[in-house]
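Read the structure below first, then the notes.
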Amino acid sequence: MSKILVTGAAGFVGYHLSQRLLARGDEVVGLDNVNDYYGVQLKRDRLAQLAALPSFSLIEASLEDRPAIEALFRSNQFDRVVHLAAQAGVRYSLENPHAYIDSNLVGFMNILEGCRHSETPHLVYASSSSVYGANKSIPFSIHDNVDHPISLYAATKKANELIAHSYSHLYGLPTTGLRFFTVYGPWGRPDMAMYIFTKAIFEGRPIQVFNNGKMRRDFTYVDDIIEGVVRVTDNTPTGNEEWSGEQPDPATSAAPYRIYNIGNNQPVELMHMIETIEECVGKKAEKDFMPLQPGDVVETYADVGDLVADVDFKPATSIETGVARFVDWYREYHQPE
């Protein structure tokens, strides 16, 4: 049994990861401030599911609350830390930028300091496909430079990767950053397109389709994300002996540091995703076509070659299978008319 800290345990990915770790016999300490960025009831319902399982405990605190994070690490010795808590959302970063600095930068520093001083054997943290920003080379490779973010959210995630590297280099703290690609599935986030579209179609309301539907996303089913996270968490990085400062590889280092993409490796047209929801719901959507939103990218597509090579895993759940499971959950949870 390992003792693992999962930050953001009331969140979508944190909830599923905690379930998986508990099922295999680990002890999970969840950290979450249960904020109201989206409906608190959904978070409470996720936590109720976790509370019913043995070996789960919850600490309600914010990442930026430095004394609370210091106390958490003083009172626990973690075998692994999986840091998923963050202020999420590209569009919301246009409305409330300070929330991203507080949670994603100040909060991340507090977690890093906790891991450093308690000599945590491995820190795994959520980055994002958003870091690829203005990059046009497809599929997105972890070995490409990503210095042109187009949203503050993306910039904070890129900053996390850089700060983590400095801690890996200075203190020998093994860190692994995971760039998630458009995660979806049961218990998902209500601010994500799939949830928004499904809710609107059930309720007979129009949906806003941005960039006139000319978008492609590497939709990744949550079970695939979790499998990747668990395998990476169990695979503590070491320094790459072939790394060279003359031709620096952004994804590895002479320090114990790694970056991975976790994506389905099969981009899906936005309109096909909508059609799949319509088929599962049994109703057609009324569509309002809109221009591209500030901070959005037109296409995401993950190169997962390093994930396959290092932990022998490649996401494979089709959009048809994943959407059907999500809509089934939505029906059971919300009981729409």
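Chain labels follow the order of the structure tokens: the first chain is A, the next B, and so on; residue numbering restarts at 1 in every chain, and ligands are counted from 1 in their shown order.
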
I need the residues of stretch 47-268 of chain A that end up classed as strand (DSSP E) by DSSP on the backbone, written out as a ChimeraX atom specification. /A:56-60,80-83,123-128,175-180,183-184,207-209,216-217,220-221,257-262,268

If we count only C-alpha atoms and set the cut-off at 6 Å, which residues sit around stretch 264-274 of chain A, ignoring sequence neighbours fewer than 2 positions away in its own chain? Please answer as an MDAnalysis selection string. chainID A and resid 213 215:218 220 276:277 301:302 315

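Between atom CA of A:Cys115 and atom CA of A:Ala154 lies a distance of 23.5 Å.
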
So that each row is one residue of stretch 108-167 of chain A with an atom at most 12 Å from stretch 282-298 of chain A, can you give its shortest atom pair and the distance in Å to one decimal, using only C-alpha atoms, rows by chain and rising number, as a Markdown table?
| residue | atom | partner | partner_atom | distance |
| --- | --- | --- | --- | --- |
| A:Ser129 | CA | A:Val297 | CA | 10.0 |
| A:Ser130 | CA | A:Val297 | CA | 8.0 |
| A:Val131 | CA | A:Val297 | CA | 10.4 |
| A:Tyr132 | CA | A:Val297 | CA | 9.0 |
| A:Gly133 | CA | A:Val297 | CA | 6.9 |
| A:Ala134 | CA | A:Val297 | CA | 7.7 |
| A:Asn135 | CA | A:Val297 | CA | 9.4 |
| A:Lys136 | CA | A:Val298 | CA | 9.8 |
| A:Ile138 | CA | A:Val298 | CA | 11.5 |
| A:His148 | CA | A:Gly295 | CA | 11.6 |
| A:Pro149 | CA | A:Gly295 | CA | 8.6 |
| A:Ile150 | CA | A:Gly295 | CA | 5.2 |
| A:Ser151 | CA | A:Gly295 | CA | 4.8 |
| A:Leu152 | CA | A:Gly295 | CA | 8.3 |
| A:Tyr153 | CA | A:Gly295 | CA | 8.9 |
| A:Ala154 | CA | A:Gly295 | CA | 8.9 |
| A:Ala155 | CA | A:Gly295 | CA | 10.9 |

Write out, as a compact mmCIF listing (two decimals), in the first residue's frame, the residues just selected, with all heavy atoms.
# COMPACT_ATOMS: atom_id res chain seq x y z
N SER A 129 -2.78 20.30 -22.93
CA SER A 129 -2.51 20.44 -24.36
C SER A 129 -2.52 21.91 -24.77
O SER A 129 -1.98 22.27 -25.83
CB SER A 129 -3.55 19.67 -25.18
OG SER A 129 -4.86 20.16 -24.94
N SER A 130 -3.10 22.77 -23.93
CA SER A 130 -3.15 24.20 -24.23
C SER A 130 -1.75 24.81 -24.37
O SER A 130 -1.59 25.86 -25.01
CB SER A 130 -3.91 24.96 -23.15
OG SER A 130 -5.24 24.53 -23.07
N VAL A 131 -0.73 24.18 -23.78
CA VAL A 131 0.61 24.76 -23.85
C VAL A 131 1.13 24.83 -25.29
O VAL A 131 2.04 25.62 -25.58
CB VAL A 131 1.63 23.98 -22.99
CG1 VAL A 131 1.20 23.95 -21.53
CG2 VAL A 131 1.89 22.58 -23.52
N TYR A 132 0.56 24.05 -26.20
CA TYR A 132 1.04 24.07 -27.58
C TYR A 132 0.67 25.36 -28.29
O TYR A 132 1.30 25.73 -29.29
CB TYR A 132 0.52 22.84 -28.34
CG TYR A 132 1.20 21.56 -27.89
CD1 TYR A 132 0.57 20.68 -27.03
CD2 TYR A 132 2.51 21.28 -28.28
CE1 TYR A 132 1.21 19.54 -26.57
CE2 TYR A 132 3.16 20.14 -27.83
CZ TYR A 132 2.50 19.27 -26.97
OH TYR A 132 3.15 18.15 -26.53
N GLY A 133 -0.34 26.07 -27.79
CA GLY A 133 -0.63 27.43 -28.23
C GLY A 133 -0.61 27.64 -29.73
O GLY A 133 -1.38 27.06 -30.47
N ALA A 134 0.32 28.48 -30.19
CA ALA A 134 0.39 28.85 -31.60
C ALA A 134 1.11 27.83 -32.46
O ALA A 134 1.25 28.03 -33.68
CB ALA A 134 1.08 30.22 -31.72
N ASN A 135 1.55 26.72 -31.87
CA ASN A 135 2.23 25.69 -32.65
C ASN A 135 1.32 25.16 -33.76
O ASN A 135 0.14 24.91 -33.55
CB ASN A 135 2.65 24.50 -31.77
CG ASN A 135 3.88 24.81 -30.93
OD1 ASN A 135 4.08 25.95 -30.54
ND2 ASN A 135 4.69 23.80 -30.68
N LYS A 136 1.88 24.95 -34.94
CA LYS A 136 1.11 24.44 -36.08
C LYS A 136 1.55 23.03 -36.49
O LYS A 136 0.88 22.38 -37.30
CB LYS A 136 1.27 25.38 -37.29
CG LYS A 136 0.71 26.78 -37.05
CD LYS A 136 -0.79 26.78 -36.83
CE LYS A 136 -1.33 28.19 -36.71
NZ LYS A 136 -2.77 28.22 -36.37
N ILE A 138 1.66 19.33 -36.51
CA ILE A 138 0.70 18.32 -36.06
C ILE A 138 1.24 16.94 -36.40
O ILE A 138 1.72 16.73 -37.51
CB ILE A 138 -0.67 18.54 -36.75
CG1 ILE A 138 -1.27 19.89 -36.32
CG2 ILE A 138 -1.65 17.42 -36.46
CD1 ILE A 138 -1.71 19.98 -34.89
N HIS A 148 4.90 29.76 -27.08
CA HIS A 148 3.95 30.76 -27.57
C HIS A 148 2.52 30.42 -27.15
O HIS A 148 1.66 30.14 -27.99
CB HIS A 148 4.06 30.89 -29.10
CG HIS A 148 5.40 31.40 -29.54
ND1 HIS A 148 6.47 30.55 -29.75
CD2 HIS A 148 5.86 32.67 -29.73
CE1 HIS A 148 7.53 31.28 -30.09
NE2 HIS A 148 7.18 32.56 -30.09
N PRO A 149 2.25 30.44 -25.83
CA PRO A 149 0.87 30.19 -25.37
C PRO A 149 -0.05 31.31 -25.83
O PRO A 149 0.38 32.45 -26.00
CB PRO A 149 1.01 30.19 -23.85
CG PRO A 149 2.23 31.03 -23.57
CD PRO A 149 3.16 30.78 -24.72
N ILE A 150 -1.35 30.98 -26.03
CA ILE A 150 -2.29 32.01 -26.49
C ILE A 150 -3.42 32.23 -25.47
O ILE A 150 -4.44 32.81 -25.80
CB ILE A 150 -2.86 31.67 -27.89
CG1 ILE A 150 -3.57 30.32 -27.90
CG2 ILE A 150 -1.75 31.70 -28.93
CD1 ILE A 150 -4.27 30.02 -29.23
N SER A 151 -3.22 31.76 -24.26
CA SER A 151 -4.13 32.08 -23.15
C SER A 151 -3.32 32.11 -21.87
O SER A 151 -2.26 31.47 -21.77
CB SER A 151 -5.25 31.04 -23.03
OG SER A 151 -4.76 29.80 -22.57
N LEU A 152 -3.80 32.85 -20.88
CA LEU A 152 -3.12 32.88 -19.59
C LEU A 152 -3.13 31.49 -18.95
O LEU A 152 -2.14 31.09 -18.32
CB LEU A 152 -3.79 33.89 -18.66
CG LEU A 152 -3.20 33.95 -17.24
CD1 LEU A 152 -1.74 34.40 -17.27
CD2 LEU A 152 -4.02 34.87 -16.35
N TYR A 153 -4.24 30.76 -19.09
CA TYR A 153 -4.29 29.39 -18.57
C TYR A 153 -3.13 28.57 -19.10
O TYR A 153 -2.41 27.91 -18.34
CB TYR A 153 -5.62 28.74 -18.95
CG TYR A 153 -5.69 27.26 -18.67
CD1 TYR A 153 -5.70 26.78 -17.37
CD2 TYR A 153 -5.72 26.33 -19.72
CE1 TYR A 153 -5.75 25.42 -17.11
CE2 TYR A 153 -5.76 24.98 -19.47
CZ TYR A 153 -5.78 24.52 -18.16
OH TYR A 153 -5.81 23.17 -17.90
N ALA A 154 -2.92 28.60 -20.41
CA ALA A 154 -1.82 27.85 -21.02
C ALA A 154 -0.47 28.33 -20.50
O ALA A 154 0.44 27.51 -20.24
CB ALA A 154 -1.88 27.99 -22.54
N ALA A 155 -0.32 29.64 -20.34
CA ALA A 155 0.95 30.17 -19.84
C ALA A 155 1.25 29.68 -18.43
O ALA A 155 2.41 29.38 -18.10
CB ALA A 155 0.90 31.70 -19.87

State, in Å with one decimal place, the distance from atom CA of A:Thr238 to atom CA of A:Lys3. 21.3 Å

Pull the closest atom pair for each residue of stretch 93-130 of chain A that gets at most 10 Å from stretch 4-26 of chain A, along with the distance in Å to one decimal, counting only C-alpha atoms, ordering rows by chain and then ascending residue number, as JSON lines.
{"residue": "A:Ile111", "atom": "CA", "partner": "A:Thr7", "partner_atom": "CA", "distance": 9.3}
{"residue": "A:Leu123", "atom": "CA", "partner": "A:Leu5", "partner_atom": "CA", "distance": 9.6}
{"residue": "A:Val124", "atom": "CA", "partner": "A:Val6", "partner_atom": "CA", "distance": 9.7}
{"residue": "A:Tyr125", "atom": "CA", "partner": "A:Thr7", "partner_atom": "CA", "distance": 9.3}
{"residue": "A:Ala126", "atom": "CA", "partner": "A:Val13", "partner_atom": "CA", "distance": 9.8}

Pick out the closest residue to A:Arg80 from this set: A:Thr233, A:Asn212, A:Gln247, A:Ser103. Count only C-alpha atoms.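 Nearest to A:Arg80: A:Thr233.
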
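As for atom CA of A:Phe197 and atom CA of A:Ala324, they are spaced 13.7 Å apart.
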
As a PyMOL selection string, please: all residues of stretch 40-83 of chain A that backbone DSSP puts in helix (DSSP H, G or I). chain A and resi 40-51+66-74

How would the residues just picked look written out with C-alpha atoms as a compact mmCIF listing (two decimals), in the first residue's frame?
# COMPACT_ATOMS: atom_id res chain seq x y z
CA VAL A 40 -20.50 22.52 -5.90
CA GLN A 41 -23.15 19.78 -5.66
CA LEU A 42 -21.45 17.72 -8.35
CA LYS A 43 -18.18 17.95 -6.43
CA ARG A 44 -19.90 16.98 -3.18
CA ASP A 45 -21.53 14.00 -4.90
CA ARG A 46 -18.15 12.83 -6.20
CA LEU A 47 -16.68 13.16 -2.70
CA ALA A 48 -19.59 11.21 -1.22
CA GLN A 49 -18.70 8.33 -3.54
CA LEU A 50 -15.08 8.46 -2.37
CA ALA A 51 -15.97 8.81 1.32
CA ARG A 66 0.57 28.21 2.43
CA PRO A 67 0.22 27.38 6.16
CA ALA A 68 -2.43 24.74 5.38
CA ILE A 69 -0.25 23.09 2.70
CA GLU A 70 2.79 23.16 4.98
CA ALA A 71 0.75 21.53 7.75
CA LEU A 72 -0.51 18.86 5.33
CA PHE A 73 3.03 17.82 4.41
CA ARG A 74 4.26 18.02 8.01

If you count only C-alpha atoms, the residue of A:Phe219, A:Tyr184, A:Tyr257, A:Trp243 closest to A:Arg325 turns out to be A:Tyr184

Under the rule that only C-alpha atoms are counted, which of A:Ser128, A:Asn145, A:Ser93, A:Ser137 is the nearest residue to A:Pro248?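 For A:Pro248, the nearest of the candidates is A:Asn145.
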
Skipping near chain neighbours, those fewer than 2 positions away, what residues fall within 8 Å of A:Ala251 using only C-alpha atoms, listed as a PyMOL selection string? chain A and resi 142-143+249+253+257-260

File of the preceding selection, all heavy atoms, as a short mmCIF file (atom, residue, chain, number, x, y, z; two decimals), in the first residue's frame:
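Output file selection-v1.cif follows:
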data_model
loop_
_atom_site.label_atom_id
_atom_site.label_comp_id
_atom_site.auth_asym_id
_atom_site.auth_seq_id
_atom_site.Cartn_x
_atom_site.Cartn_y
_atom_site.Cartn_z
N ILE A 142 5.94 16.40 -27.62
CA ILE A 142 6.56 16.90 -26.39
C ILE A 142 7.99 17.38 -26.63
O ILE A 142 8.56 18.09 -25.81
CB ILE A 142 6.56 15.82 -25.27
CG1 ILE A 142 7.25 14.55 -25.75
CG2 ILE A 142 5.13 15.54 -24.81
CD1 ILE A 142 7.42 13.50 -24.67
N HIS A 143 8.57 16.99 -27.77
CA HIS A 143 9.95 17.38 -28.07
C HIS A 143 10.03 18.71 -28.80
O HIS A 143 11.13 19.19 -29.07
CB HIS A 143 10.63 16.27 -28.87
CG HIS A 143 10.61 14.94 -28.17
ND1 HIS A 143 11.34 14.70 -27.03
CD2 HIS A 143 9.90 13.81 -28.43
CE1 HIS A 143 11.09 13.45 -26.61
NE2 HIS A 143 10.22 12.90 -27.45
N ASP A 249 16.43 18.86 -25.29
CA ASP A 249 15.12 18.24 -25.51
C ASP A 249 14.17 18.76 -24.44
O ASP A 249 14.39 18.51 -23.25
CB ASP A 249 15.26 16.72 -25.42
CG ASP A 249 13.93 15.99 -25.44
OD1 ASP A 249 12.91 16.62 -25.82
OD2 ASP A 249 13.89 14.80 -25.09
N SER A 253 15.48 15.64 -19.44
CA SER A 253 16.52 16.46 -18.84
C SER A 253 17.59 15.55 -18.26
O SER A 253 17.37 14.35 -18.06
CB SER A 253 15.91 17.32 -17.72
OG SER A 253 16.92 18.01 -17.01
N TYR A 257 13.27 14.37 -14.65
CA TYR A 257 12.18 15.21 -15.14
C TYR A 257 11.65 14.64 -16.44
O TYR A 257 12.43 14.26 -17.32
CB TYR A 257 12.73 16.61 -15.36
CG TYR A 257 11.83 17.59 -16.08
CD1 TYR A 257 10.92 18.38 -15.38
CD2 TYR A 257 11.92 17.75 -17.47
CE1 TYR A 257 10.13 19.31 -16.05
CE2 TYR A 257 11.12 18.68 -18.13
CZ TYR A 257 10.23 19.46 -17.42
OH TYR A 257 9.44 20.37 -18.06
N ARG A 258 10.30 14.56 -16.57
CA ARG A 258 9.70 14.07 -17.81
C ARG A 258 8.42 14.83 -18.10
O ARG A 258 7.71 15.29 -17.18
CB ARG A 258 9.36 12.57 -17.72
CG ARG A 258 10.53 11.63 -17.76
CD ARG A 258 11.21 11.61 -19.13
NE ARG A 258 12.27 10.62 -19.19
CZ ARG A 258 13.50 10.79 -18.73
NH1 ARG A 258 13.81 11.92 -18.11
NH2 ARG A 258 14.41 9.85 -18.84
N ILE A 259 8.10 14.94 -19.38
CA ILE A 259 6.83 15.46 -19.86
C ILE A 259 6.22 14.41 -20.78
O ILE A 259 6.93 13.81 -21.60
CB ILE A 259 7.00 16.79 -20.64
CG1 ILE A 259 7.59 17.88 -19.76
CG2 ILE A 259 5.67 17.24 -21.25
CD1 ILE A 259 6.68 18.39 -18.67
N TYR A 260 4.90 14.18 -20.67
CA TYR A 260 4.20 13.26 -21.58
C TYR A 260 2.90 13.89 -22.06
O TYR A 260 2.26 14.65 -21.33
CB TYR A 260 3.84 11.94 -20.89
CG TYR A 260 5.01 11.09 -20.47
CD1 TYR A 260 5.41 11.04 -19.14
CD2 TYR A 260 5.72 10.33 -21.40
CE1 TYR A 260 6.48 10.25 -18.74
CE2 TYR A 260 6.81 9.55 -21.01
CZ TYR A 260 7.17 9.52 -19.68
OH TYR A 260 8.24 8.74 -19.29
#

Considering only C-alpha atoms, can you say which of A:Arg205, A:His334, A:Lys157, A:Arg116 comes closest to A:Ala88? A:Lys157

Could you check which of A:Asp36, A:Glu60, A:Asp191, A:Glu119 is closest to A:Leu173, using only C-alpha atoms? A:Glu119
